[in-house]
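Novice: Structure in structure tokens, see below.
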Amino acid sequence: MDILNQEFNIVPYQSVGPIRFGMSRKEIETLFGKPQKEIKDMLERSELIYGDLSIKLAKKSGVNEVSFSKDPSINLTYNDLNIFQTEDIIKKLDQIEKPFNTVGFKVFFEIGLALTGFSKKKDDKTASVFAKELIALWKM
């Protein structure tokens with residue numbers, strides 16, 4: 001499956017594109033094949049890396065976070081808003097919910113979305129879509 005041509009529509013706390021929260025590693029590999037790289041993150045989750053797509057799996061609960069970075073052509077959407085391609089996306093999401101600001105991220109809990117790098121400085125952009133189990137962690 002070509003990840004760049006895939007549509008990743010966010011359904012808050014349920015799924016992002018074909019990836020459902022709670023999926024197993026086997027289910028992810030059925031969708032995307034073997035990862036290009038795998039690391040353990042600071043929460044001891046397995047992080048499966050497919051180019052600019054990163055899928056994090058907790059031992060007990062499976063997929064609980066999906067991150068997209070760098071490639072602005074990735075089709076990540078919420079309510080017809082393309083997260084990477086919509087101008088002033090923070091302002092548009094701000095109309096849905098005022099973001100929670102934490103360590104360089106703007107977190108939209110209604111959506112289950114954390115964004116960084118979307119300032120005027122043209123940093124590398126990263127969007128993370130997360131499961132309900134990570135709400136407390138993002139609020140720290």
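Each chain in the structure tokens gets a letter, A, B, ..., in the order shown, and its residues are numbered from 1; ligands are numbered from 1 in order too.
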Give me every helix (DSSP H, G or I) residue in range 27-111 of chain A, going by DSSP on the backbone, as JSON, numbers by chain.
Specialist: {"A": [27, 28, 29, 30, 31, 32, 89, 90, 91, 92, 93, 94]}
Novice: Where does DSSP see strand (DSSP E) in chain A, if you list the residues as a count of residues only?
Specialist: 54
Novice: Excluding same-chain residues fewer than 4 positions from Ser73 in chain A, what lies within 10 Å of it counting only C-alpha atoms, as an MDAnalysis selection string?
Specialist: chainID A and resid 4:5 82 84:85
Novice: Could you please take those selected residues and save C-alpha atoms as a PDB file, in the first residue's frame?
Specialist:
ATOM      1  CA  LEU A   4       1.472   8.784   0.393  1.00  0.00           C
ATOM      2  CA  ASN A   5      -1.573   8.038  -1.757  1.00  0.00           C
ATOM      3  CA  ASN A  82      -6.272  18.959   5.300  1.00  0.00           C
ATOM      4  CA  PHE A  84      -0.771  19.791   6.339  1.00  0.00           C
ATOM      5  CA  GLN A  85      -2.127  21.734   3.357  1.00  0.00           C
TER       6      GLN A  85
END
Novice: As an exercise, work out the distance from CA of Ser54 in chain A to CA of Ile39 in chain A in Å and give it to one decimal place.
Specialist: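 CA of Ile39 in chain A lies at a distance of 10.2 Å from CA of Ser54 in chain A.
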Novice: Give the answer as one residue: which of A:Lys59, A:Glu44, A:Ser67, A:Thr86 has the shortest atom-to-atom distance to Thr116 in chain A, using only C-alpha atoms?
Specialist: A:Ser67
Novice: Compile a residue-level contact table for range 11-64 of chain A against range 94-113 of chain A at a cut-off of 8 Å, reporting for every qualifying residue the shortest atom pair and its distance in Å to one decimal, with only C-alpha atoms counted, rows ordered by chain and ascending number, as JSON lines.
Specialist:
{"residue": "A:Val11", "atom": "CA", "partner": "A:Ile111", "partner_atom": "CA", "distance": 7.7}
{"residue": "A:Pro12", "atom": "CA", "partner": "A:Ile111", "partner_atom": "CA", "distance": 4.8}
{"residue": "A:Tyr13", "atom": "CA", "partner": "A:Gly112", "partner_atom": "CA", "distance": 6.1}
Novice: Under the rule that only C-alpha atoms are counted, which of A:Lys132, A:Lys92, A:Lys139, A:Lys56 is the nearest residue to Met42 in chain A?
Specialist: A:Lys56
Novice: One decimal, Å: what's the distance from CA of Ala114 in chain A over to CA of Val129 in chain A, could you say?
Specialist: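 Distance reported for this atom pair: 6.5 Å.
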Novice: What does the distance from CA of Asn79 in chain A to CA of Leu48 in chain A come to in Å, to one decimal?
Specialist: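 Separating CA of Asn79 in chain A from CA of Leu48 in chain A is a distance of 26.9 Å.
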Novice: Between A:Ile55, A:Ile74, A:Val66, A:Ala127, single out the one closest to Lys34 in chain A, counting only C-alpha atoms.
Specialist: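 Among the listed residues, A:Ile55 lies closest to Lys34 in chain A.
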Novice: I'd like the contact shell of range 16-24 of chain A - 9 Å cut-off, only C-alpha atoms, skipping same-chain residues fewer than 5 positions apart - returned as number ranges by chain.
Specialist: A: 6-11, 29, 31, 55, 57-58, 60-66, 76-77, 129-131
Novice: Using only C-alpha atoms, which of A:Ile89, A:Gly33, A:Gln14, A:Asp52 sits nearest Asp71 in chain A?
Specialist: A:Asp52
Novice: Can you list, as a list in words, every protein, DNA or RNA residue that comes within 6 Å of Thr126 in chain A when you count only C-alpha atoms, leaving out same-chain residues fewer than 6 positions away?
Specialist: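 With the cut-off at 6 Å, the set is Phe68, Ser69, Leu115 and Thr116 of chain A.
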Novice: Let's have the selection written as a short mmCIF file (atom, residue, chain, number, x, y, z; two decimals), in the first residue's frame, with C-alpha atoms.
Specialist:
data_model
loop_
_atom_site.label_atom_id
_atom_site.label_comp_id
_atom_site.auth_asym_id
_atom_site.auth_seq_id
_atom_site.Cartn_x
_atom_site.Cartn_y
_atom_site.Cartn_z
CA PHE A 68 2.93 12.08 10.43
CA SER A 69 5.95 14.26 9.78
CA LEU A 115 0.53 19.55 16.27
CA THR A 116 4.04 21.00 16.33
#
Novice: Would you mind telling me which residue in A:Lys70, A:Ile28, A:Pro35, A:Leu43 lies nearest to Leu134 in chain A when using only C-alpha atoms?
Specialist: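 Of A:Lys70, A:Ile28, A:Pro35, A:Leu43, the one nearest Leu134 in chain A is A:Leu43, counting only C-alpha atoms.
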